[in-house]
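S.K.: Please find upload-v3.pdb (PDB, C-alpha atoms and all ligand atoms) on the next line:
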MODEL        1
ATOM      1  CA  MET A 209      -0.907   1.986  -0.011  1.00  0.00           C
ATOM      2  CA  ARG A 210       1.242   0.051  -2.467  1.00  0.00           C
ATOM      3  CA  ALA A 211       0.636   0.041  -6.230  1.00  0.00           C
ATOM      4  CA  GLU A 212      -0.891  -2.992  -7.989  1.00  0.00           C
ATOM      5  CA  PRO A 213       1.875  -5.608  -8.338  1.00  0.00           C
ATOM      6  CA  GLN A 214       3.491  -6.073 -11.730  1.00  0.00           C
ATOM      7  CA  ILE A 215       5.610  -8.893 -13.100  1.00  0.00           C
ATOM      8  CA  GLN A 216       8.824  -7.714 -14.730  1.00  0.00           C
ATOM      9  CA  PRO A 217      12.265  -9.116 -15.527  1.00  0.00           C
ATOM     10  CA  LEU A 218      14.291  -9.276 -12.322  1.00  0.00           C
ATOM     11  CA  GLU A 219      17.523  -7.307 -12.610  1.00  0.00           C
ATOM     12  CA  PRO A 220      20.147  -8.141  -9.971  1.00  0.00           C
ATOM     13  CA  THR A 221      20.340  -4.657  -8.432  1.00  0.00           C
ATOM     14  CA  PRO A 222      21.468  -4.379  -4.783  1.00  0.00           C
ATOM     15  CA  LEU A 223      17.889  -3.457  -3.786  1.00  0.00           C
ATOM     16  CA  ALA A 224      16.414  -6.456  -5.610  1.00  0.00           C
ATOM     17  CA  MET A 225      19.005  -8.877  -4.240  1.00  0.00           C
ATOM     18  CA  HIS A 226      18.468  -7.650  -0.676  1.00  0.00           C
ATOM     19  CA  GLN A 227      14.706  -8.129  -0.889  1.00  0.00           C
ATOM     20  CA  LEU A 228      15.087 -11.439  -2.668  1.00  0.00           C
ATOM     21  CA  GLN A 229      17.137 -12.765   0.256  1.00  0.00           C
ATOM     22  CA  ARG A 230      14.433 -11.683   2.696  1.00  0.00           C
ATOM     23  CA  ILE A 231      11.719 -13.627   0.826  1.00  0.00           C
ATOM     24  CA  GLU A 232      14.034 -16.600   0.256  1.00  0.00           C
ATOM     25  CA  ARG A 233      14.874 -16.924   3.968  1.00  0.00           C
ATOM     26  CA  ALA A 234      11.205 -16.667   4.936  1.00  0.00           C
ATOM     27  CA  SER A 235      10.162 -19.271   2.349  1.00  0.00           C
ATOM     28  CA  PHE A 236      12.712 -22.105   2.497  1.00  0.00           C
ATOM     29  CA  SER A 237      14.418 -24.205   5.170  1.00  0.00           C
ATOM     30  CA  GLU A 238      17.544 -24.206   2.978  1.00  0.00           C
ATOM     31  CA  PRO A 239      17.586 -20.738   1.422  1.00  0.00           C
ATOM     32  CA  TRP A 240      19.951 -19.933  -1.419  1.00  0.00           C
ATOM     33  CA  SER A 241      22.857 -17.686  -0.434  1.00  0.00           C
ATOM     34  CA  MET A 242      23.520 -14.283  -2.002  1.00  0.00           C
ATOM     35  CA  ALA A 243      26.523 -15.877  -3.774  1.00  0.00           C
ATOM     36  CA  GLU A 244      24.233 -18.455  -5.385  1.00  0.00           C
ATOM     37  CA  PHE A 245      21.847 -15.753  -6.590  1.00  0.00           C
ATOM     38  CA  ASP A 246      24.786 -13.693  -7.900  1.00  0.00           C
ATOM     39  CA  PHE A 247      26.164 -16.738  -9.713  1.00  0.00           C
ATOM     40  CA  LEU A 248      22.774 -17.448 -11.303  1.00  0.00           C
ATOM     41  CA  ALA A 249      22.340 -13.825 -12.366  1.00  0.00           C
ATOM     42  CA  SER A 250      25.695 -13.957 -14.164  1.00  0.00           C
ATOM     43  CA  ASP A 251      24.654 -17.083 -16.101  1.00  0.00           C
ATOM     44  CA  GLU A 252      23.334 -16.051 -19.509  1.00  0.00           C
ATOM     45  CA  ARG A 253      21.126 -19.179 -19.586  1.00  0.00           C
ATOM     46  CA  SER A 254      19.095 -17.852 -16.643  1.00  0.00           C
ATOM     47  CA  VAL A 255      15.674 -16.211 -16.828  1.00  0.00           C
ATOM     48  CA  GLN A 256      14.346 -14.386 -13.782  1.00  0.00           C
ATOM     49  CA  VAL A 257      11.099 -12.528 -13.216  1.00  0.00           C
ATOM     50  CA  GLY A 258      10.034 -10.524 -10.180  1.00  0.00           C
ATOM     51  CA  LEU A 259       6.721  -9.401  -8.736  1.00  0.00           C
ATOM     52  CA  TRP A 260       7.071  -5.685  -8.025  1.00  0.00           C
ATOM     53  CA  CYS A 261       4.879  -3.226  -6.140  1.00  0.00           C
ATOM     54  CA  ASP A 262       6.785  -0.080  -7.020  1.00  0.00           C
ATOM     55  CA  GLU A 263      10.170  -0.654  -5.356  1.00  0.00           C
ATOM     56  CA  HIS A 264       8.936  -3.514  -3.202  1.00  0.00           C
ATOM     57  CA  LEU A 265       9.763  -7.046  -4.391  1.00  0.00           C
ATOM     58  CA  ALA A 266       6.991  -9.503  -3.431  1.00  0.00           C
ATOM     59  CA  GLY A 267       8.016 -12.654  -5.307  1.00  0.00           C
ATOM     60  CA  TYR A 268      10.148 -14.194  -8.010  1.00  0.00           C
ATOM     61  CA  ALA A 269      10.523 -17.152 -10.349  1.00  0.00           C
ATOM     62  CA  MET A 270      13.749 -18.382 -11.959  1.00  0.00           C
ATOM     63  CA  ALA A 271      14.720 -20.855 -14.632  1.00  0.00           C
ATOM     64  CA  LEU A 272      17.769 -22.059 -16.542  1.00  0.00           C
ATOM     65  CA  ILE A 273      17.419 -22.724 -20.254  1.00  0.00           C
ATOM     66  CA  ASP A 274      19.729 -25.148 -22.036  1.00  0.00           C
ATOM     67  CA  THR A 275      18.815 -25.270 -25.753  1.00  0.00           C
ATOM     68  CA  ASP A 276      15.190 -26.467 -25.707  1.00  0.00           C
ATOM     69  CA  ASP A 277      15.269 -27.686 -22.125  1.00  0.00           C
ATOM     70  CA  CYS A 278      14.102 -25.437 -19.286  1.00  0.00           C
ATOM     71  CA  HIS A 279      14.634 -26.123 -15.580  1.00  0.00           C
ATOM     72  CA  LEU A 280      12.427 -24.144 -13.208  1.00  0.00           C
ATOM     73  CA  ILE A 281      14.767 -23.725 -10.259  1.00  0.00           C
ATOM     74  CA  ASN A 282      13.171 -21.262  -7.859  1.00  0.00           C
ATOM     75  CA  LEU A 283       9.769 -19.794  -7.052  1.00  0.00           C
ATOM     76  CA  ALA A 284       8.607 -17.886  -3.999  1.00  0.00           C
ATOM     77  CA  VAL A 285       5.937 -15.363  -3.108  1.00  0.00           C
ATOM     78  CA  GLU A 286       6.059 -13.209   0.017  1.00  0.00           C
ATOM     79  CA  LYS A 287       3.512 -14.417   2.586  1.00  0.00           C
ATOM     80  CA  ALA A 288       1.311 -11.312   2.415  1.00  0.00           C
ATOM     81  CA  TYR A 289       0.868 -11.814  -1.342  1.00  0.00           C
ATOM     82  CA  ARG A 290       0.072 -15.541  -1.384  1.00  0.00           C
ATOM     83  CA  ARG A 291      -3.216 -17.114  -2.573  1.00  0.00           C
ATOM     84  CA  LEU A 292      -3.845 -14.191  -4.902  1.00  0.00           C
ATOM     85  CA  GLY A 293      -2.740 -15.914  -8.101  1.00  0.00           C
ATOM     86  CA  TRP A 294       0.722 -14.287  -8.234  1.00  0.00           C
ATOM     87  CA  GLY A 295       2.698 -17.518  -7.950  1.00  0.00           C
ATOM     88  CA  LYS A 296       0.820 -18.905 -10.933  1.00  0.00           C
ATOM     89  CA  ARG A 297       1.295 -15.703 -12.928  1.00  0.00           C
ATOM     90  CA  LEU A 298       5.036 -15.642 -12.131  1.00  0.00           C
ATOM     91  CA  VAL A 299       5.422 -19.178 -13.504  1.00  0.00           C
ATOM     92  CA  LEU A 300       3.297 -18.308 -16.560  1.00  0.00           C
ATOM     93  CA  ALA A 301       5.469 -15.261 -17.270  1.00  0.00           C
ATOM     94  CA  LEU A 302       8.620 -17.354 -16.888  1.00  0.00           C
ATOM     95  CA  LEU A 303       7.288 -20.097 -19.184  1.00  0.00           C
ATOM     96  CA  ASP A 304       6.305 -17.479 -21.739  1.00  0.00           C
ATOM     97  CA  ILE A 305       9.852 -16.068 -21.834  1.00  0.00           C
ATOM     98  CA  THR A 306      11.485 -19.501 -21.918  1.00  0.00           C
ATOM     99  CA  ALA A 307       9.191 -20.672 -24.741  1.00  0.00           C
ATOM    100  CA  ALA A 308      10.053 -17.522 -26.718  1.00  0.00           C
ATOM    101  CA  ARG A 309      13.746 -18.377 -26.221  1.00  0.00           C
ATOM    102  CA  GLY A 310      13.187 -21.853 -27.646  1.00  0.00           C
ATOM    103  CA  GLY A 311      12.323 -23.836 -24.507  1.00  0.00           C
ATOM    104  CA  ARG A 312      10.148 -26.818 -25.414  1.00  0.00           C
ATOM    105  CA  LEU A 313      10.150 -28.808 -22.195  1.00  0.00           C
ATOM    106  CA  CYS A 314      10.105 -27.446 -18.645  1.00  0.00           C
ATOM    107  CA  HIS A 315      10.910 -29.600 -15.652  1.00  0.00           C
ATOM    108  CA  LEU A 316      11.249 -29.010 -11.937  1.00  0.00           C
ATOM    109  CA  GLU A 317      11.646 -30.658  -8.552  1.00  0.00           C
ATOM    110  CA  VAL A 318       9.386 -29.965  -5.581  1.00  0.00           C
ATOM    111  CA  ARG A 319       9.261 -31.430  -2.064  1.00  0.00           C
ATOM    112  CA  VAL A 320       6.674 -34.207  -1.969  1.00  0.00           C
ATOM    113  CA  SER A 321       5.085 -32.496   1.071  1.00  0.00           C
ATOM    114  CA  ASN A 322       4.728 -29.133  -0.709  1.00  0.00           C
ATOM    115  CA  GLU A 323       1.048 -29.444  -1.583  1.00  0.00           C
ATOM    116  CA  ALA A 324       0.684 -25.748  -2.405  1.00  0.00           C
ATOM    117  CA  ALA A 325       3.415 -25.785  -5.061  1.00  0.00           C
ATOM    118  CA  ILE A 326       2.404 -29.192  -6.447  1.00  0.00           C
ATOM    119  CA  GLN A 327      -1.189 -27.957  -6.858  1.00  0.00           C
ATOM    120  CA  LEU A 328       0.041 -24.777  -8.521  1.00  0.00           C
ATOM    121  CA  TYR A 329       2.211 -26.666 -11.021  1.00  0.00           C
ATOM    122  CA  ALA A 330      -0.497 -29.265 -11.725  1.00  0.00           C
ATOM    123  CA  GLY A 331      -2.960 -26.431 -12.398  1.00  0.00           C
ATOM    124  CA  LEU A 332      -0.590 -25.116 -15.052  1.00  0.00           C
ATOM    125  CA  GLY A 333      -0.398 -28.498 -16.760  1.00  0.00           C
ATOM    126  CA  PHE A 334       2.742 -29.994 -15.176  1.00  0.00           C
ATOM    127  CA  GLN A 335       2.608 -33.755 -14.716  1.00  0.00           C
ATOM    128  CA  GLN A 336       4.565 -35.874 -12.293  1.00  0.00           C
ATOM    129  CA  THR A 337       7.212 -37.922 -14.100  1.00  0.00           C
ATOM    130  CA  GLY A 338       9.155 -39.392 -11.197  1.00  0.00           C
ATOM    131  CA  ILE A 339      10.495 -39.195  -7.668  1.00  0.00           C
ATOM    132  CA  ARG A 340      14.067 -38.303  -6.649  1.00  0.00           C
ATOM    133  CA  LEU A 341      14.794 -40.079  -3.388  1.00  0.00           C
ATOM    134  CA  ARG A 342      16.233 -37.986  -0.527  1.00  0.00           C
ATOM    135  CA  TYR A 343      16.784 -35.067  -2.915  1.00  0.00           C
ATOM    136  CA  TYR A 344      16.318 -32.417  -0.203  1.00  0.00           C
ATOM    137  CA  SER A 345      17.829 -31.898   3.243  1.00  0.00           C
ATOM    138  CA  LYS A 346      16.644 -29.887   6.278  1.00  0.00           C
ATOM    139  CA  PRO A 347      14.528 -32.023   6.510  1.00  0.00           C
ATOM    140  CA  THR A 348      15.590 -34.914   4.298  1.00  0.00           C
ATOM    141  CA  GLU A 349      12.788 -35.478   1.824  1.00  0.00           C
ATOM    142  CA  ASP A 350      12.069 -36.903  -1.624  1.00  0.00           C
ATOM    143  CA  ALA A 351      11.441 -34.655  -4.619  1.00  0.00           C
ATOM    144  CA  CYS A 352       8.512 -34.996  -6.926  1.00  0.00           C
ATOM    145  CA  VAL A 353       9.763 -34.441 -10.507  1.00  0.00           C
ATOM    146  CA  MET A 354       7.279 -32.679 -12.768  1.00  0.00           C
ATOM    147  CA  GLN A 355       7.379 -31.505 -16.369  1.00  0.00           C
ATOM    148  CA  CYS A 356       5.283 -29.809 -19.025  1.00  0.00           C
ATOM    149  CA  ARG A 357       5.631 -29.122 -22.739  1.00  0.00           C
ATOM    150  CA  LEU A 358       6.053 -25.578 -24.040  1.00  0.00           C
ATOM    151  CA  PRO A 359       4.589 -23.356 -25.201  1.00  0.00           C
ATOM    152  CA  LEU A 360       1.348 -23.582 -23.278  1.00  0.00           C
ATOM    153  CA  GLN A 361      -1.627 -23.098 -25.587  1.00  0.00           C
ATOM    154  CA  ALA A 362      -2.472 -19.397 -25.940  1.00  0.00           C
ATOM    155  CA  GLY A 363      -6.151 -19.856 -25.067  1.00  0.00           C
ATOM    156  CA  ARG A 364      -5.248 -21.849 -21.994  1.00  0.00           C
ATOM    157  CA  VAL A 365      -2.833 -19.156 -20.828  1.00  0.00           C
ATOM    158  CA  MET A 366      -5.616 -16.563 -21.053  1.00  0.00           C
ATOM    159  CA  ASP A 367      -7.922 -18.807 -19.005  1.00  0.00           C
ATOM    160  CA  LEU A 368      -5.221 -19.335 -16.402  1.00  0.00           C
ATOM    161  CA  MET A 369      -4.479 -15.617 -16.186  1.00  0.00           C
ATOM    162  CA  GLU A 370      -8.170 -14.947 -15.652  1.00  0.00           C
ATOM    163  CA  ASN A 371      -8.325 -17.748 -13.061  1.00  0.00           C
ATOM    164  CA  LYS A 372     -10.768 -19.936 -14.998  1.00  0.00           C
ATOM    165  CA  ASN A 373     -10.651 -23.657 -14.333  1.00  0.00           C
ATOM    166  CA  GLY A 374      -9.898 -26.230 -16.985  1.00  0.00           C
TER     167      GLY A 374
HETATM  168  C1  LIG B 401       4.077 -22.105  -3.591  1.00  0.00           C
HETATM  169  C2  LIG B 401       3.847 -20.594  -3.663  1.00  0.00           C
HETATM  170  C3  LIG B 401       4.874 -19.974  -4.597  1.00  0.00           C
HETATM  171  C4  LIG B 401       2.431 -20.330  -4.201  1.00  0.00           C
HETATM  172  O1  LIG B 401       2.303 -18.947  -4.440  1.00  0.00           O
HETATM  173  P1  LIG B 401       0.850 -18.254  -4.440  1.00  0.00           P
HETATM  174  O2  LIG B 401       1.013 -16.905  -5.013  1.00  0.00           O
HETATM  175  O3  LIG B 401       0.248 -18.351  -3.108  1.00  0.00           O
HETATM  176  O4  LIG B 401       0.068 -19.209  -5.442  1.00  0.00           O
HETATM  177  P2  LIG B 401      -1.267 -18.855  -6.262  1.00  0.00           P
HETATM  178  O5  LIG B 401      -2.093 -17.906  -5.483  1.00  0.00           O
HETATM  179  O6  LIG B 401      -0.857 -18.463  -7.640  1.00  0.00           O
HETATM  180  O7  LIG B 401      -1.991 -20.257  -6.280  1.00  0.00           O
HETATM  181  C5  LIG B 401      -2.153 -20.999  -7.475  1.00  0.00           C
HETATM  182  C6  LIG B 401      -2.676 -22.354  -7.102  1.00  0.00           C
HETATM  183  O8  LIG B 401      -1.727 -23.059  -6.309  1.00  0.00           O
HETATM  184  C7  LIG B 401      -2.401 -23.834  -5.317  1.00  0.00           C
HETATM  185  N1  LIG B 401      -2.084 -23.329  -3.979  1.00  0.00           N
HETATM  186  C8  LIG B 401      -1.383 -22.212  -3.677  1.00  0.00           C
HETATM  187  N2  LIG B 401      -1.228 -22.111  -2.343  1.00  0.00           N
HETATM  188  C9  LIG B 401      -1.849 -23.182  -1.806  1.00  0.00           C
HETATM  189  C10 LIG B 401      -2.015 -23.647  -0.475  1.00  0.00           C
HETATM  190  N3  LIG B 401      -1.534 -22.969   0.578  1.00  0.00           N
HETATM  191  N4  LIG B 401      -2.684 -24.802  -0.283  1.00  0.00           N
HETATM  192  C11 LIG B 401      -3.159 -25.499  -1.329  1.00  0.00           C
HETATM  193  N5  LIG B 401      -3.045 -25.105  -2.618  1.00  0.00           N
HETATM  194  C12 LIG B 401      -2.382 -23.960  -2.844  1.00  0.00           C
HETATM  195  C13 LIG B 401      -3.873 -23.688  -5.576  1.00  0.00           C
HETATM  196  O9  LIG B 401      -4.251 -24.711  -6.500  1.00  0.00           O
HETATM  197  C14 LIG B 401      -3.910 -22.329  -6.234  1.00  0.00           C
HETATM  198  O10 LIG B 401      -5.041 -22.153  -7.042  1.00  0.00           O
HETATM  199  P3  LIG B 401      -6.387 -21.552  -6.365  1.00  0.00           P
HETATM  200  O11 LIG B 401      -5.986 -20.334  -5.610  1.00  0.00           O
HETATM  201  O12 LIG B 401      -7.247 -21.283  -7.544  1.00  0.00           O
HETATM  202  O13 LIG B 401      -6.887 -22.635  -5.458  1.00  0.00           O
HETATM  203  C15 LIG B 401       3.959 -19.940  -2.247  1.00  0.00           C
HETATM  204  O14 LIG B 401       3.134 -20.655  -1.361  1.00  0.00           O
HETATM  205  C16 LIG B 401       5.371 -19.925  -1.709  1.00  0.00           C
HETATM  206  O15 LIG B 401       6.141 -18.996  -1.959  1.00  0.00           O
HETATM  207  N6  LIG B 401       5.720 -20.958  -0.928  1.00  0.00           N
HETATM  208  C17 LIG B 401       7.071 -21.065  -0.331  1.00  0.00           C
HETATM  209  C18 LIG B 401       8.123 -21.331  -1.386  1.00  0.00           C
HETATM  210  C19 LIG B 401       7.816 -22.581  -2.198  1.00  0.00           C
HETATM  211  O16 LIG B 401       7.357 -23.593  -1.696  1.00  0.00           O
HETATM  212  N7  LIG B 401       8.151 -22.497  -3.511  1.00  0.00           N
HETATM  213  C20 LIG B 401       7.982 -23.593  -4.436  1.00  0.00           C
HETATM  214  C21 LIG B 401       9.227 -24.378  -4.500  1.00  0.00           C
HETATM  215  S1  LIG B 401       9.100 -25.747  -5.650  1.00  0.00           S
ENDMDL
END
Translate the structure described by the file into structure tokens.
M.R.:
Amino acid sequence: MRAEPQIQPLEPTPLAMHQLQRIERASFSEPWSMAEFDFLASDERSVQVGLWCDEHLAGYAMALIDTDDCHLINLAVEKAYRRLGWGKRLVLALLDITAARGGRLCHLEVRVSNEAAIQLYAGLGFQQTGIRLRYYSKPTEDACVMQCRLPLQAGRVMDLMENKNG
């Protein structure tokens, strides 16, 4: 039996990158390539957190920070670990790190059909600010643009971590 998952900074080791590709391919119709992940890892503006059960990677969240502006660019949780609150916790951990680095506004794009992710982001306080037409391919689809101000209020973070509504 695997250990309780833990969220930790995601270092681009060969083991991590291999597992990351597996989750990425299972989660997206247009998965990022290894070269794209390598490129991101070498960018000092990037922040990456992973969900680890010992040596097993079960999810990740990634952002790019440019001065006070943070762009959440990737989030995925392995199927067996979904609907357990880990996606939400990964984003919370990422927002916590980005806020500590000076991020004051976080924005993201999400497929308009991706109800699960849109609900997750809305639950964290993200609001829709626009639509990017035909932003995605495979299949072609609009993106919903969402953003939230950082840092999230400390009390609210505790509630979210404990899965309270509000
Ligand atoms: C989106 C994703 C990361 C959610 O991860 P998760 O660990 O299952 O999410 P959580 O358990 O933290 O869920 C948090 C909230 O999101 C919403 N949510 C998550 N999955 C949902 C689903 N299948 N249907 C509807 N709402 C969902 C719910 O509001 C949920 O809160 P609740 O459990 O209290 O109802 C996961 O489904 C995934 O990896 N999908 C494929 C990749 C992807 O779409 N990434 C986002 C790109 S923008």
S.K.: To one decimal place in Å, what is the distance between CA of Ile273 (chain A) and CA of Val255 (chain A)?
M.R.: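 Between CA of Ile273 (chain A) and CA of Val255 (chain A) the gap works out to 7.6 Å.
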S.K.: Pick the closest to ligand LIG 401 (chain B) from A:Tyr268, A:Trp260, A:Phe247, A:Tyr343: which is it, counting all atoms listed in the file?
M.R.: A:Tyr268
S.K.: Choose the residue, out of A:Ile215, A:Val318, A:Leu303, A:Met366, that has the smallest atom-to-atom separation from Val257 (chain A); count all atoms listed in the file.
M.R.: A:Ile215
S.K.: Around ligand LIG 401 (chain B), with edges along x, y and z and 3 Å added on all six sides, what centre and edge lengths do you get, in Å to one decimal, as lines of an AutoDock Vina configuration file?
M.R.:
center_x = 1.0
center_y = -21.3
center_z = -3.5
size_x = 22.5
size_y = 14.8
size_z = 14.2
S.K.: Taking only C-alpha atoms and all ligand atoms into account, which residues have an atom no farther than 7 Å from ligand LIG 401 (chain B)? I'd like them as an mmCIF file with C-alpha atoms, in the frame of the given file.
M.R.:
data_model
loop_
_atom_site.group_PDB
_atom_site.id
_atom_site.type_symbol
_atom_site.label_atom_id
_atom_site.label_comp_id
_atom_site.auth_asym_id
_atom_site.auth_seq_id
_atom_site.Cartn_x
_atom_site.Cartn_y
_atom_site.Cartn_z
ATOM 1 C CA SER A 235 10.162 -19.271 2.349
ATOM 2 C CA PHE A 236 12.712 -22.105 2.497
ATOM 3 C CA ASN A 282 13.171 -21.262 -7.859
ATOM 4 C CA LEU A 283 9.769 -19.794 -7.052
ATOM 5 C CA ALA A 284 8.607 -17.886 -3.999
ATOM 6 C CA VAL A 285 5.937 -15.363 -3.108
ATOM 7 C CA GLU A 286 6.059 -13.209 0.017
ATOM 8 C CA LYS A 287 3.512 -14.417 2.586
ATOM 9 C CA TYR A 289 0.868 -11.814 -1.342
ATOM 10 C CA ARG A 290 0.072 -15.541 -1.384
ATOM 11 C CA ARG A 291 -3.216 -17.114 -2.573
ATOM 12 C CA LEU A 292 -3.845 -14.191 -4.902
ATOM 13 C CA GLY A 293 -2.740 -15.914 -8.101
ATOM 14 C CA TRP A 294 0.722 -14.287 -8.234
ATOM 15 C CA GLY A 295 2.698 -17.518 -7.950
ATOM 16 C CA LYS A 296 0.820 -18.905 -10.933
ATOM 17 C CA ARG A 297 1.295 -15.703 -12.928
ATOM 18 C CA GLU A 317 11.646 -30.658 -8.552
ATOM 19 C CA VAL A 318 9.386 -29.965 -5.581
ATOM 20 C CA ARG A 319 9.261 -31.430 -2.064
ATOM 21 C CA ASN A 322 4.728 -29.133 -0.709
ATOM 22 C CA GLU A 323 1.048 -29.444 -1.583
ATOM 23 C CA ALA A 324 0.684 -25.748 -2.405
ATOM 24 C CA ALA A 325 3.415 -25.785 -5.061
ATOM 25 C CA GLN A 327 -1.189 -27.957 -6.858
ATOM 26 C CA LEU A 328 0.041 -24.777 -8.521
ATOM 27 C CA GLY A 331 -2.960 -26.431 -12.398
ATOM 28 C CA ASN A 371 -8.325 -17.748 -13.061
#
S.K.: Given the PyMOL selection byres (((chain A and resi 275) around 7) and not hetatm) and the file above, list the residues it selects as an mmCIF file with C-alpha atoms, in the frame of the given file.
M.R.:
data_model
loop_
_atom_site.group_PDB
_atom_site.id
_atom_site.type_symbol
_atom_site.label_atom_id
_atom_site.label_comp_id
_atom_site.auth_asym_id
_atom_site.auth_seq_id
_atom_site.Cartn_x
_atom_site.Cartn_y
_atom_site.Cartn_z
ATOM 1 C CA ILE A 273 17.419 -22.724 -20.254
ATOM 2 C CA ASP A 274 19.729 -25.148 -22.036
ATOM 3 C CA ASP A 276 15.190 -26.467 -25.707
ATOM 4 C CA ASP A 277 15.269 -27.686 -22.125
ATOM 5 C CA GLY A 310 13.187 -21.853 -27.646
ATOM 6 C CA GLY A 311 12.323 -23.836 -24.507
#
S.K.: So which residues are close to (0.5, -22.7, -19.1), meaning at most 8 Å away in the file's coordinates with all atoms listed in the file counted, and can you show them as a list in words?
M.R.: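 Taken together, the residues in range are Leu300, Leu303, Leu332, Gly333, Leu358, Pro359, Leu360, Gln361, Arg364, Val365 and Leu368 of chain A.
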S.K.: Residues at most 6 Å from His279 (chain A), counting all atoms listed in the file, excluding those fewer than 2 positions away in the same chain, as number ranges by chain?
M.R.: A: 271-272, 281, 314-316
S.K.: One number please: CA of Phe334 (chain A) to CA of Met354 (chain A), in Å, one decimal.
M.R.: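 Interatomic distance, CA of Phe334 (chain A) to CA of Met354 (chain A): 5.8 Å.
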S.K.: Can you tell me, as a list in words, what residues are no more than 7 Å from Leu302 (chain A) when counting all atoms listed in the file, ignoring any on the same chain fewer than 4 positions away?
M.R.: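 After dropping sequence-adjacent residues, the list is Val257, Ala269, Leu298 and Thr306 of chain A.
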S.K.: Kindly give the distance, in Å, that separates CA of Ala307 (chain A) and CA of Glu252 (chain A), rounded to a single decimal.
M.R.: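 CA of Glu252 (chain A) lies at a distance of 15.8 Å from CA of Ala307 (chain A).
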S.K.: Nearest residue to Ala301 (chain A) out of A:Ala224, A:Ala288, A:Ala249, A:Met369, using all atoms listed in the file?
M.R.: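 Going through A:Ala224, A:Ala288, A:Ala249, A:Met369 one by one, the smallest distance to Ala301 (chain A) is for A:Met369.
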S.K.: With only C-alpha atoms as the counted atoms, please give the residues lying no more than 12 Å from His226 (chain A), apart from itself and same-chain residues fewer than 6 positions off, as a PyMOL selection string.
M.R.: chain A and resi 219-220+232-233+241-243+245-246+263-266
S.K.: Restricting the calculation to all atoms listed in the file, which member of A:Val353, A:Gln256, A:Arg309, A:Pro347 is positioned closest to Ile326 (chain A)?
M.R.: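 Result for the nearest residue to Ile326 (chain A): A:Val353.
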S.K.: Where atoms are missing, can you supply N, CA and C atoms for region 276-287 of chain A and output the lot as a JSON list (two decimals), keeping the file's coordinate frame?
M.R.:
[["chain", "number", "residue", "atom", "x", "y", "z"],
["A", 276, "ASP", "N", 16.66, -26.46, -25.80],
["A", 276, "ASP", "CA", 15.19, -26.47, -25.71],
["A", 276, "ASP", "C", 14.69, -26.99, -24.36],
["A", 277, "ASP", "N", 15.61, -27.12, -23.42],
["A", 277, "ASP", "CA", 15.27, -27.69, -22.12],
["A", 277, "ASP", "C", 15.28, -26.59, -21.06],
["A", 278, "CYS", "N", 14.20, -26.49, -20.31],
["A", 278, "CYS", "CA", 14.10, -25.44, -19.29],
["A", 278, "CYS", "C", 13.93, -26.08, -17.91],
["A", 279, "HIS", "N", 14.71, -25.61, -16.95],
["A", 279, "HIS", "CA", 14.63, -26.12, -15.58],
["A", 279, "HIS", "C", 14.15, -25.00, -14.68],
["A", 280, "LEU", "N", 12.96, -25.15, -14.14],
["A", 280, "LEU", "CA", 12.43, -24.14, -13.21],
["A", 280, "LEU", "C", 13.10, -24.38, -11.86],
["A", 281, "ILE", "N", 13.91, -23.44, -11.41],
["A", 281, "ILE", "CA", 14.77, -23.72, -10.26],
["A", 281, "ILE", "C", 14.39, -22.97, -8.99],
["A", 282, "ASN", "N", 13.56, -21.95, -9.09],
["A", 282, "ASN", "CA", 13.17, -21.26, -7.86],
["A", 282, "ASN", "C", 11.86, -20.50, -8.07],
["A", 283, "LEU", "N", 11.05, -20.52, -7.03],
["A", 283, "LEU", "CA", 9.77, -19.79, -7.05],
["A", 283, "LEU", "C", 9.40, -19.48, -5.61],
["A", 284, "ALA", "N", 9.09, -18.24, -5.34],
["A", 284, "ALA", "CA", 8.61, -17.89, -4.00],
["A", 284, "ALA", "C", 7.79, -16.61, -4.07],
["A", 285, "VAL", "N", 6.77, -16.56, -3.23],
["A", 285, "VAL", "CA", 5.94, -15.36, -3.11],
["A", 285, "VAL", "C", 5.91, -14.97, -1.63],
["A", 286, "GLU", "N", 6.10, -13.71, -1.36],
["A", 286, "GLU", "CA", 6.06, -13.21, 0.02],
["A", 286, "GLU", "C", 4.70, -13.56, 0.64],
["A", 287, "LYS", "N", 4.72, -13.90, 1.94],
["A", 287, "LYS", "CA", 3.51, -14.42, 2.59],
["A", 287, "LYS", "C", 2.29, -13.53, 2.38]]
